[in-house]
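Have a look at coords-v7.cif; it's mmCIF, C-alpha atoms:
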data_query
loop_
_atom_site.label_atom_id
_atom_site.label_comp_id
_atom_site.auth_asym_id
_atom_site.auth_seq_id
_atom_site.Cartn_x
_atom_site.Cartn_y
_atom_site.Cartn_z
CA MET A 1 62.39 202.68 193.14
CA SER A 2 59.48 202.00 195.52
CA LEU A 3 59.68 199.58 198.39
CA GLN A 4 56.97 196.96 198.95
CA THR A 5 55.74 196.09 202.40
CA PRO A 6 55.36 192.43 203.38
CA SER A 7 51.60 192.84 203.00
CA ASP A 8 52.03 194.28 199.48
CA GLN A 9 54.26 191.39 198.52
CA GLY A 10 51.66 188.95 199.89
CA VAL A 11 48.94 190.52 197.78
CA ALA A 12 51.18 190.29 194.73
CA ARG A 13 51.61 186.57 195.32
CA HIS A 14 47.87 185.94 195.29
CA GLY A 15 46.14 188.21 192.82
CA TRP A 16 43.30 187.78 190.36
CA VAL A 17 44.89 184.98 188.35
CA GLN A 18 45.43 182.88 191.47
CA ALA A 19 41.87 183.64 192.64
CA LEU A 20 40.47 182.59 189.26
CA ALA A 21 42.45 179.36 189.41
CA ALA A 22 41.09 178.63 192.91
CA VAL A 23 37.47 179.22 191.86
CA LEU A 24 37.75 177.26 188.62
CA ALA A 25 39.42 174.35 190.41
CA GLY A 26 36.60 174.22 192.96
CA VAL A 27 33.77 174.44 190.41
CA ILE A 28 35.37 171.89 188.07
CA ALA A 29 36.02 169.46 190.94
CA MET A 30 32.40 169.70 192.08
CA GLY A 31 31.12 169.35 188.54
CA VAL A 32 33.22 166.25 187.90
CA VAL A 33 32.13 164.54 191.11
CA ALA A 34 28.47 165.47 190.55
CA GLY A 35 28.64 164.35 186.92
CA LEU A 36 30.20 160.99 187.74
CA GLY A 37 27.70 160.39 190.54
CA LEU A 38 24.71 161.26 188.37
CA TRP A 39 26.09 159.18 185.52
CA ALA A 40 26.37 156.19 187.86
CA ALA A 41 22.79 156.86 188.96
CA GLY A 42 21.60 156.73 185.33
CA ALA A 43 20.97 160.44 184.81
CA ALA A 44 22.99 160.43 181.58
CA ASP A 45 19.93 158.88 179.88
CA LEU A 46 17.66 161.84 180.67
CA PRO A 47 15.92 163.25 177.57
CA ASP A 48 16.47 166.61 175.87
CA ASN A 49 20.18 166.74 176.77
CA ALA A 50 19.21 167.41 180.36
CA PHE A 51 22.31 165.84 181.91
CA PRO A 52 24.51 168.98 182.11
CA HIS A 53 21.57 170.94 183.53
CA VAL A 54 21.06 168.34 186.27
CA VAL A 55 24.80 168.40 187.03
CA ALA A 56 24.65 172.18 187.37
CA ALA A 57 21.64 171.91 189.68
CA THR A 58 23.53 169.42 191.83
CA VAL A 59 26.46 171.83 192.16
CA VAL A 60 24.05 174.63 193.10
CA THR A 61 22.47 172.59 195.89
CA ALA A 62 25.92 171.43 197.05
CA VAL A 63 26.85 174.99 198.05
CA GLY A 64 23.55 175.72 199.78
CA GLY A 65 21.72 177.08 196.77
CA THR A 66 18.02 176.64 196.08
CA VAL A 67 16.58 174.79 193.09
CA LYS A 68 12.84 175.30 192.65
CA LEU A 69 10.77 172.44 191.27
CA SER A 70 7.68 173.25 189.23
CA GLY A 71 4.89 171.38 187.50
CA ASP A 72 2.33 172.05 184.79
CA ALA A 73 -0.27 169.51 183.76
CA GLY A 74 -2.98 171.65 182.25
CA ALA A 75 -6.37 172.75 183.53
CA VAL A 76 -7.63 169.26 184.40
CA ALA A 77 -4.49 168.01 186.03
CA GLY A 78 -2.10 169.08 188.73
CA THR A 79 1.47 168.49 189.76
CA LYS A 80 3.40 169.46 192.83
CA ALA A 81 6.96 168.83 193.81
CA GLY A 82 9.55 169.92 196.33
CA LEU A 83 13.13 168.96 197.10
CA THR A 84 15.55 169.87 199.87
CA VAL A 85 18.78 167.90 199.99
CA ILE A 86 22.50 168.71 199.94
CA PRO A 87 24.76 166.24 198.09
CA LEU A 88 27.52 166.37 200.67
CA SER A 89 30.07 164.38 198.65
CA VAL A 90 30.08 167.21 196.10
CA THR A 91 30.15 169.79 198.90
CA LEU A 92 33.09 168.13 200.63
CA VAL A 93 35.22 167.88 197.48
CA GLY A 94 34.56 171.51 196.59
CA SER A 95 35.39 172.62 200.13
CA LEU A 96 38.70 170.77 200.19
CA VAL A 97 39.81 172.03 196.77
CA ILE A 98 38.91 175.68 197.40
CA ALA A 99 40.39 175.62 200.91
CA ALA A 100 43.67 174.20 199.60
CA ALA A 101 43.83 176.82 196.83
CA PHE A 102 43.06 179.60 199.33
CA LEU A 103 45.79 178.49 201.73
CA ARG A 104 48.51 177.73 199.20
CA PRO A 105 49.83 181.31 198.76
CA LEU A 106 49.70 181.84 202.54
CA ARG A 107 51.84 178.91 203.58
CA HIS A 108 55.17 179.29 205.40
CA ARG A 109 54.12 182.53 207.07
CA ALA A 110 53.41 183.17 210.74
CA VAL A 111 51.34 186.34 210.50
CA ALA A 112 49.30 188.05 207.81
CA GLY A 113 47.60 191.41 207.94
CA ALA A 114 43.84 191.57 208.15
CA ALA A 115 43.72 193.74 205.01
CA GLU A 116 45.80 191.20 203.08
CA LEU A 117 43.60 188.24 204.07
CA ALA A 118 40.44 190.24 203.37
CA GLY A 119 41.71 191.27 199.94
CA TRP A 120 42.65 187.71 199.00
CA ALA A 121 39.28 186.40 200.18
CA ALA A 122 37.42 189.21 198.38
CA ARG A 123 39.07 188.32 195.06
CA ILE A 124 37.96 184.73 195.41
CA ALA A 125 34.46 185.78 196.53
CA LEU A 126 33.86 188.07 193.55
CA LEU A 127 34.96 185.45 191.04
CA TRP A 128 33.02 182.80 192.94
CA LEU A 129 29.85 184.89 192.59
CA ALA A 130 30.38 185.17 188.84
CA ALA A 131 30.93 181.42 188.52
CA LEU A 132 27.89 180.68 190.67
CA VAL A 133 25.68 182.89 188.47
CA ALA A 134 26.86 180.98 185.40
CA VAL A 135 26.19 177.59 187.00
CA ALA A 136 22.81 178.75 188.30
CA LEU A 137 21.72 179.91 184.85
CA LEU A 138 22.60 176.49 183.46
CA ALA A 139 20.62 174.72 186.20
CA ARG A 140 17.17 174.75 184.60
CA GLN A 141 15.21 172.14 182.65
CA THR A 142 11.66 170.92 181.94
CA PHE A 143 10.59 167.28 181.49
CA THR A 144 7.39 165.69 180.17
CA VAL A 145 5.98 163.02 182.50
CA SER A 146 4.38 159.90 181.05
CA LEU A 147 1.03 158.91 182.54
CA GLY A 148 1.52 155.28 181.54
CA ASP A 149 -0.68 152.91 179.57
CA GLY A 150 -3.41 152.37 182.15
CA THR A 151 -6.66 154.13 182.93
CA LEU A 152 -4.93 157.29 184.06
CA GLY A 153 -3.03 157.45 180.77
CA ASP A 154 -6.27 157.03 178.80
CA ILE A 155 -7.94 159.84 180.76
CA GLY A 156 -4.95 162.10 180.26
CA GLY A 157 -4.84 161.40 176.52
CA LEU A 158 -8.59 162.01 176.15
CA LEU A 159 -8.40 165.34 177.97
CA GLY A 160 -5.12 166.42 176.45
CA ALA A 161 -3.26 166.54 179.76
CA THR A 162 0.51 166.53 179.23
CA PRO A 163 2.12 166.78 182.65
CA LYS A 164 5.47 168.54 182.85
CA VAL A 165 7.85 169.00 185.72
CA GLY A 166 10.96 171.10 185.76
CA PHE A 167 13.47 172.93 187.88
CA GLU A 168 15.29 176.23 187.93
CA THR A 169 17.59 178.05 190.30
CA ASP A 170 16.17 180.56 192.73
CA MET A 171 18.92 183.09 192.15
CA PRO A 172 18.84 185.50 195.16
CA PRO A 173 18.98 182.87 197.93
CA THR A 174 21.45 180.82 195.90
CA LEU A 175 23.90 183.71 195.66
CA ALA A 176 23.41 184.61 199.33
CA PHE A 177 23.91 181.08 200.64
CA GLY A 178 26.68 180.44 198.14
CA VAL A 179 28.70 183.35 199.51
CA LEU A 180 28.01 182.25 203.08
CA TRP A 181 29.19 178.75 202.16
CA LEU A 182 32.40 180.15 200.68
CA ALA A 183 32.99 182.33 203.74
CA GLY A 184 32.55 179.30 205.99
CA VAL A 185 35.04 177.29 203.91
CA LEU A 186 37.68 180.03 204.01
CA VAL A 187 37.29 180.72 207.73
CA LEU A 188 37.39 177.02 208.57
CA ALA A 189 40.51 176.63 206.41
CA LEU A 190 42.28 179.33 208.42
CA LEU A 191 41.16 177.72 211.68
CA VAL A 192 42.21 174.18 210.78
CA ALA A 193 45.52 174.71 209.01
CA ARG A 194 48.32 174.93 211.55
CA GLY A 195 50.63 176.71 209.13
CA ALA A 196 48.09 179.30 207.97
CA PRO A 197 48.84 182.87 209.07
CA LEU A 198 46.46 184.90 211.17
CA PRO A 199 46.27 188.62 211.94
CA ALA A 200 48.29 189.44 215.07
CA ARG A 201 45.16 190.32 217.05
CA LEU A 202 43.71 186.82 216.52
CA LEU A 203 46.78 184.82 217.46
CA ARG A 204 45.65 184.47 221.07
CA PHE A 205 42.52 182.58 219.98
CA GLN A 206 44.37 179.86 218.10
CA GLU A 207 45.40 178.00 221.26
CA SER A 208 41.85 176.93 221.99
CA VAL A 209 40.20 177.05 218.56
CA ARG A 210 42.69 175.56 216.12
CA PRO A 211 43.34 172.21 217.83
CA ALA A 212 39.62 171.59 218.33
CA ALA A 213 38.73 172.59 214.75
CA PHE A 214 41.46 170.35 213.34
CA ALA A 215 40.30 167.41 215.47
CA MET A 216 36.70 167.78 214.28
CA VAL A 217 37.68 167.96 210.61
CA ALA A 218 39.92 164.92 211.07
CA LEU A 219 37.05 163.08 212.77
CA LEU A 220 34.57 163.81 209.97
CA LEU A 221 37.08 162.88 207.27
CA THR A 222 37.86 159.64 209.11
CA TYR A 223 34.18 158.69 208.99
CA VAL A 224 34.10 159.48 205.28
CA GLY A 225 37.17 157.30 204.78
CA LEU A 226 35.58 154.41 206.66
CA GLY A 227 32.39 154.83 204.66
CA LEU A 228 34.36 154.86 201.41
CA ALA A 229 36.13 151.64 202.37
CA ALA A 230 32.82 150.01 203.28
CA GLY A 231 31.22 151.18 200.03
CA LEU A 232 34.04 149.80 197.91
CA ALA A 233 33.85 146.51 199.79
CA VAL A 234 30.10 146.31 199.12
CA ALA A 235 30.63 147.08 195.43
CA ALA A 236 33.31 144.39 195.17
CA THR A 237 31.44 141.64 197.03
CA ARG A 238 27.71 142.24 196.60
CA GLY A 239 27.36 143.84 193.18
CA HIS A 240 25.15 146.87 192.53
CA VAL A 241 28.30 148.72 191.48
CA PRO A 242 26.65 151.71 189.72
CA GLU A 243 24.23 152.33 192.57
CA THR A 244 27.00 152.07 195.16
CA PHE A 245 29.23 154.52 193.31
CA ALA A 246 26.30 156.90 192.89
CA VAL A 247 25.90 156.95 196.68
CA ILE A 248 29.65 157.39 197.22
CA LEU A 249 29.95 160.26 194.74
CA LEU A 250 26.79 162.09 195.76
CA GLY A 251 25.81 161.33 199.32
CA LEU A 252 28.49 159.43 201.24
CA PRO A 253 28.89 162.09 203.98
CA ASN A 254 25.09 162.28 204.25
CA LEU A 255 25.12 158.61 205.20
CA VAL A 256 28.22 158.32 207.39
CA TRP A 257 27.66 161.53 209.34
CA LEU A 258 24.06 160.49 209.99
CA THR A 259 25.44 157.17 211.25
CA PHE A 260 27.87 159.06 213.46
CA THR A 261 25.05 160.98 215.17
CA LEU A 262 23.07 157.77 215.62
CA GLY A 263 26.08 156.28 217.39
CA LEU A 264 26.02 159.22 219.79
CA GLY A 265 22.43 158.30 220.68
CA ALA A 266 20.72 160.92 218.54
CA THR A 267 17.26 160.40 217.06
CA TRP A 268 16.09 161.28 213.57
CA ASN A 269 12.49 161.21 212.35
CA GLY A 270 11.57 160.34 208.81
CA ARG A 271 9.42 158.53 206.30
CA VAL A 272 9.88 156.93 202.89
CA ASP A 273 6.86 156.45 200.67
CA GLY A 274 6.47 155.66 196.99
CA PRO A 275 9.27 155.23 194.46
CA PHE A 276 11.81 157.29 196.39
CA GLY A 277 14.69 155.56 198.12
CA LEU A 278 17.24 156.82 200.58
CA PRO A 279 20.97 156.75 199.77
CA MET A 280 21.63 154.39 202.65
CA PRO A 281 21.59 150.68 203.52
CA HIS A 282 18.39 148.70 203.22
CA LEU A 283 18.18 148.50 207.03
CA LEU A 284 17.51 152.23 207.37
CA ASP A 285 15.02 152.16 204.52
CA GLN A 286 13.16 149.37 206.33
CA VAL A 287 12.83 151.45 209.49
CA LEU A 288 11.57 154.52 207.62
CA ARG A 289 9.20 152.90 205.11
CA THR A 290 6.08 153.03 207.30
CA PRO A 291 2.64 154.65 206.97
CA ASP A 292 3.48 157.34 209.53
CA ILE A 293 6.57 159.27 210.62
CA SER A 294 9.12 156.79 211.98
CA THR A 295 11.75 157.13 214.67
CA LEU A 296 15.31 156.34 213.62
CA ASN A 297 17.77 155.63 216.43
CA LEU A 298 19.87 152.79 217.80
CA ARG A 299 16.90 151.13 219.50
CA THR A 300 14.68 151.02 216.41
CA LEU A 301 17.59 149.88 214.22
CA ALA A 302 18.48 147.16 216.74
CA ASP A 303 14.99 145.69 216.30
CA PHE A 304 16.13 144.71 212.79
CA ASP A 305 19.85 144.13 213.38
CA GLY A 306 21.50 144.03 216.80
CA ARG A 307 24.93 144.74 215.34
CA VAL A 308 24.13 148.44 215.21
CA TRP A 309 25.19 148.70 218.87
CA TRP A 310 28.76 148.45 217.62
CA LEU A 311 28.30 152.04 216.42
CA VAL A 312 28.64 153.13 220.04
CA VAL A 313 32.00 151.37 220.32
CA VAL A 314 33.25 152.85 217.05
CA ASN A 315 32.18 156.33 218.16
CA ALA A 316 33.87 155.95 221.52
CA VAL A 317 37.19 154.92 219.95
CA LEU A 318 37.19 157.63 217.27
CA LEU A 319 36.05 160.38 219.64
CA LEU A 320 38.75 159.46 222.13
CA ALA A 321 41.32 159.56 219.32
CA ALA A 322 40.03 162.98 218.22
CA ALA A 323 40.20 164.28 221.79
CA PHE A 324 43.76 163.00 222.17
CA LEU A 325 44.73 164.62 218.86
CA MET A 326 43.22 167.91 220.00
CA ALA A 327 45.08 167.74 223.32
CA VAL A 328 48.51 166.99 221.85
CA ARG A 329 48.14 169.93 219.44
CA SER A 330 47.22 172.27 222.31
CA PRO A 331 49.65 174.15 224.56
CA ALA A 332 51.22 171.94 227.22
CA ARG A 333 50.02 174.23 229.98
CA MET A 334 46.33 173.66 229.16
CA ARG A 335 44.45 171.79 231.88
CA VAL A 336 42.37 168.65 231.48
CA TRP A 337 39.07 170.39 232.22
CA GLN A 338 39.85 172.90 229.47
CA HIS A 339 40.34 170.07 226.98
CA ALA A 340 36.99 168.64 228.05
CA LEU A 341 35.27 172.00 227.58
CA HIS A 342 36.85 172.62 224.17
CA MET A 343 35.95 169.12 222.99
CA ALA A 344 32.35 169.51 224.17
CA ILE A 345 31.87 172.83 222.37
CA ALA A 346 33.56 171.62 219.19
CA LEU A 347 31.58 168.38 219.06
CA ALA A 348 28.29 170.16 219.77
CA LEU A 349 28.94 172.61 216.91
CA THR A 350 29.91 169.73 214.62
CA VAL A 351 26.69 167.85 215.33
CA LEU A 352 24.72 171.08 214.86
CA MET A 353 26.26 171.38 211.40
CA ILE A 354 25.37 167.76 210.57
CA CYS A 355 21.80 168.30 211.71
CA LEU A 356 21.45 171.39 209.52
CA VAL A 357 22.98 169.98 206.33
CA GLY A 358 21.77 166.38 206.71
CA ARG A 359 18.05 167.09 206.44
CA ILE A 360 16.21 165.61 203.47
CA SER A 361 12.77 166.51 202.20
CA ALA A 362 11.30 165.51 198.85
CA HIS A 363 7.80 165.18 197.43
CA TYR A 364 6.37 164.54 194.01
CA GLY A 365 2.69 164.22 193.20
CA LEU A 366 0.61 164.01 190.03
CA SER A 367 -3.15 163.83 189.64
CA VAL A 368 -5.64 163.95 186.78
CA LEU A 369 -9.18 164.88 187.85
CA GLY A 370 -8.07 164.07 191.38
CA ILE A 371 -6.84 160.59 190.42
CA GLY A 372 -3.29 159.44 190.74
CA ASP A 373 -1.79 161.11 193.80
CA LEU A 374 -2.64 158.07 195.87
CA GLY A 375 -0.16 155.63 194.38
CA GLY A 376 0.63 153.84 191.19
CA GLY A 377 4.19 155.17 191.10
CA LEU A 378 2.96 158.71 190.42
CA SER A 379 3.67 160.11 193.86
CA GLY A 380 6.14 159.74 196.64
CA SER A 381 7.60 161.46 199.65
CA LEU A 382 10.88 161.37 201.48
CA LEU A 383 11.57 162.99 204.85
CA LEU A 384 14.50 162.88 207.24
CA ARG A 385 14.99 165.39 210.05
CA PRO A 386 16.83 165.32 213.40
CA GLU A 387 15.74 165.94 216.94
CA MET A 388 18.39 168.61 216.96
CA TRP A 389 18.65 169.84 220.53
CA THR A 390 18.78 166.31 221.94
CA ALA A 391 21.56 165.47 219.49
CA ILE A 392 23.53 168.57 220.45
CA GLY A 393 23.15 167.82 224.15
CA LEU A 394 24.37 164.26 223.69
CA ALA A 395 27.31 165.53 221.63
CA ALA A 396 28.30 167.94 224.40
CA LEU A 397 28.17 165.12 226.96
CA TRP A 398 30.29 162.83 224.77
CA GLY A 399 32.69 165.73 224.25
CA LEU A 400 33.11 166.36 227.96
CA VAL A 401 33.89 162.72 228.71
CA THR A 402 36.20 162.03 225.77
CA GLY A 403 37.84 165.44 226.07
CA PHE A 404 38.70 164.76 229.71
CA LEU A 405 40.07 161.30 228.92
CA GLY A 406 41.97 162.52 225.86
CA GLY A 407 43.50 165.37 227.83
CA ALA A 408 44.55 162.99 230.61
CA LEU A 409 46.21 160.66 228.09
CA ALA A 410 47.97 163.55 226.36
CA SER A 411 49.41 164.79 229.64
CA ARG A 412 51.75 161.79 229.58
CA VAL A 413 52.97 162.51 226.06
CA HIS A 414 55.80 164.87 225.18
CA ARG A 415 54.22 167.99 223.66
CA ARG A 416 55.69 170.69 221.46
CA GLY A 417 54.43 173.40 223.79
CA GLU A 418 52.75 176.53 222.56
CA VAL A 419 50.72 176.26 219.37
CA ALA A 420 51.86 179.74 218.37
CA ALA A 421 55.47 178.61 218.34
CA ALA A 422 54.68 175.87 215.84
CA VAL A 423 52.74 178.05 213.39
#
Structure translated into structure tokens:
Amino acid sequence: MSLQTPSDQGVARHGWVQALAAVLAGVIAMGVVAGLGLWAAGAADLPDNAFPHVVAATVVTAVGGTVKLSGDAGAVAGTKAGLTVIPLSVTLVGSLVIAAAFLRPLRHRAVAGAAELAGWAARIALLWLAALVAVALLARQTFTVSLGDGTLGDIGGLLGATPKVGFETDMPPTLAFGVLWLAGVLVLALLVARGAPLPARLLRFQESVRPAAFAMVALLLTYVGLGLAAGLAVAATRGHVPETFAVILLGLPNLVWLTFTLGLGATWNGRVDGPFGLPMPHLLDQVLRTPDISTLNLRTLADFDGRVWWLVVVNAVLLLAAAFLMAVRSPARMRVWQHALHMAIALALTVLMICLVGRISAHYGLSVLGIGDLGGGLSGSLLLRPEMWTAIGLAALWGLVTGFLGGALASRVHRRGEVAAAV
């Protein structure tokens, strides 16, 4: 009879069946959220049974994949299109489900070998790649675009121009970014979960990293919760229920995390032109719907509604709460200046992530003999990008101040002592 080591027993508890269940749970959760959001947005009425293909494309973009847009309108016509956006509601749900499934077999253990964790993650990664290939192959479709009943439509009919636009997955970058996304989810899960085991060599890093990572995740989820409550209140009191639920199910984190950075004092630049609309309140659309690139910050928003200054107060309260949470989960011996430094680094990295995933860029244009790309509902553009380094600097400053105050408040609270003892 052979004896199993603790590592062997751990591997036995999370083999291929458990990895398959984790991957399927994540993909199905993302597909359901994307499908419900697109259904609320009216995508179920797309022709040629395109709905499942659009859902698949949404899942692809949610994990960092690339969906290429294409157009074909014949020799006398031209189309061009581009789209860069991450539906962060879908991303967030998939991250939470996969992280929970990854951590479940590891709970109630203090230490795990590096080989065991790597093997468990590798099983999930291989099956995740296979699932991503299947979803990416489904994410392709072509549509015929109507030129309308006006002059442009008459010209197009006379010349036989039948504009078509479509999309398909760019497979190599999708697989590469999809694996990087999964790696980020698994690493962050290990960093955030207090009860998750780590290799013995990494235990010394948990004192500074784990409390800060947990506080940042709690902060971001709190903003999502507040945004969800606000969205449900809007749906209940002001109508527009399908549109509101479409925003909630597809882009709620896009909106609330953008608002969070604005409350820090960050500036975003953008423009809305044509039939496109942003998944955000009418106030932000007003600021951005200008002939040139617009500046989006507290000052420009306050020109339309002075209540936006309350965002600073909300940020101050929630950041102080996050800093206090980080401090009480840290070792009791940690000094106040260390809390401030950890909070500054964590908040700067969090804002960097928001700036990278919150960008939006979209363009669609159609012309026949050079006519049509100037308006008439046949073209549009959408742009939203941050002034990243200013935002990161402001986040670090906020982190220093709130981290110092949170650490000072936590020094008066009874603490459990070493983080390692509580793992």
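Once the PyMOL selection byres ((chain A and resi 290) around 12) is applied to the depicted file, the selected set reads Asn269, Gly270, Arg271, Val272, Asp273, Gly274, Leu284, Asp285, Gln286, Val287, Leu288, Arg289, Pro291, Asp292, Ile293, Ser294, Thr295, Leu296, Ser381, Leu382 and Leu383 of chain A.
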Next on the checklist: Could you list, as a PyMOL selection string, every residue matched by the PyMOL selection byres ((chain A and resi 212) around 8) in this structure?
Outcome noted: chain A and resi 208-211+213-216+326+342-343+346
For the residues in that selection, give me C-alpha atoms as an mmCIF file, keeping the file's coordinate frame.
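part_36.cif was written with the following content:
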data_model
loop_
_atom_site.group_PDB
_atom_site.id
_atom_site.type_symbol
_atom_site.label_atom_id
_atom_site.label_comp_id
_atom_site.auth_asym_id
_atom_site.auth_seq_id
_atom_site.Cartn_x
_atom_site.Cartn_y
_atom_site.Cartn_z
ATOM 1 C CA SER A 208 41.850 176.930 221.990
ATOM 2 C CA VAL A 209 40.200 177.050 218.560
ATOM 3 C CA ARG A 210 42.690 175.560 216.120
ATOM 4 C CA PRO A 211 43.340 172.210 217.830
ATOM 5 C CA ALA A 213 38.730 172.590 214.750
ATOM 6 C CA PHE A 214 41.460 170.350 213.340
ATOM 7 C CA ALA A 215 40.300 167.410 215.470
ATOM 8 C CA MET A 216 36.700 167.780 214.280
ATOM 9 C CA MET A 326 43.220 167.910 220.000
ATOM 10 C CA HIS A 342 36.850 172.620 224.170
ATOM 11 C CA MET A 343 35.950 169.120 222.990
ATOM 12 C CA ALA A 346 33.560 171.620 219.190
#
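Candidate residues A:Met388, A:Leu138, A:Leu92, A:Ala34 were compared for distance to A:His53, and the nearest is A:Leu138, using all atoms listed in the file.
When all atoms listed in the file are used to measure the gap to A:Ala183, the shortest distance among A:Ala99, A:Ala130, A:Leu232, A:Leu198 belongs to A:Ala99.
Under the PyMOL selection byres ((chain A and resi 55) around 10), the matching residues in the shown file are Met30, Gly31, Val32, Val33, Ala34, Gly35, Leu36, Gly37, Leu38, Trp39, Ala43, Ala44, Ala50, Phe51, Pro52, His53, Val54, Ala56, Ala57, Thr58, Val59, Val60, Val135, Leu138 and Ala139 of chain A.
If you measure from each of A:Ile354, A:Leu186, A:Ala408, A:Val317 to A:Ala340 using only C-alpha atoms, the closest one turns out to be A:Ala408.
Across A:Ile124, A:Ala114, A:Gly393, A:Ala410, the tightest approach to A:Ile345 is made by A:Gly393 when counting all atoms listed in the file.
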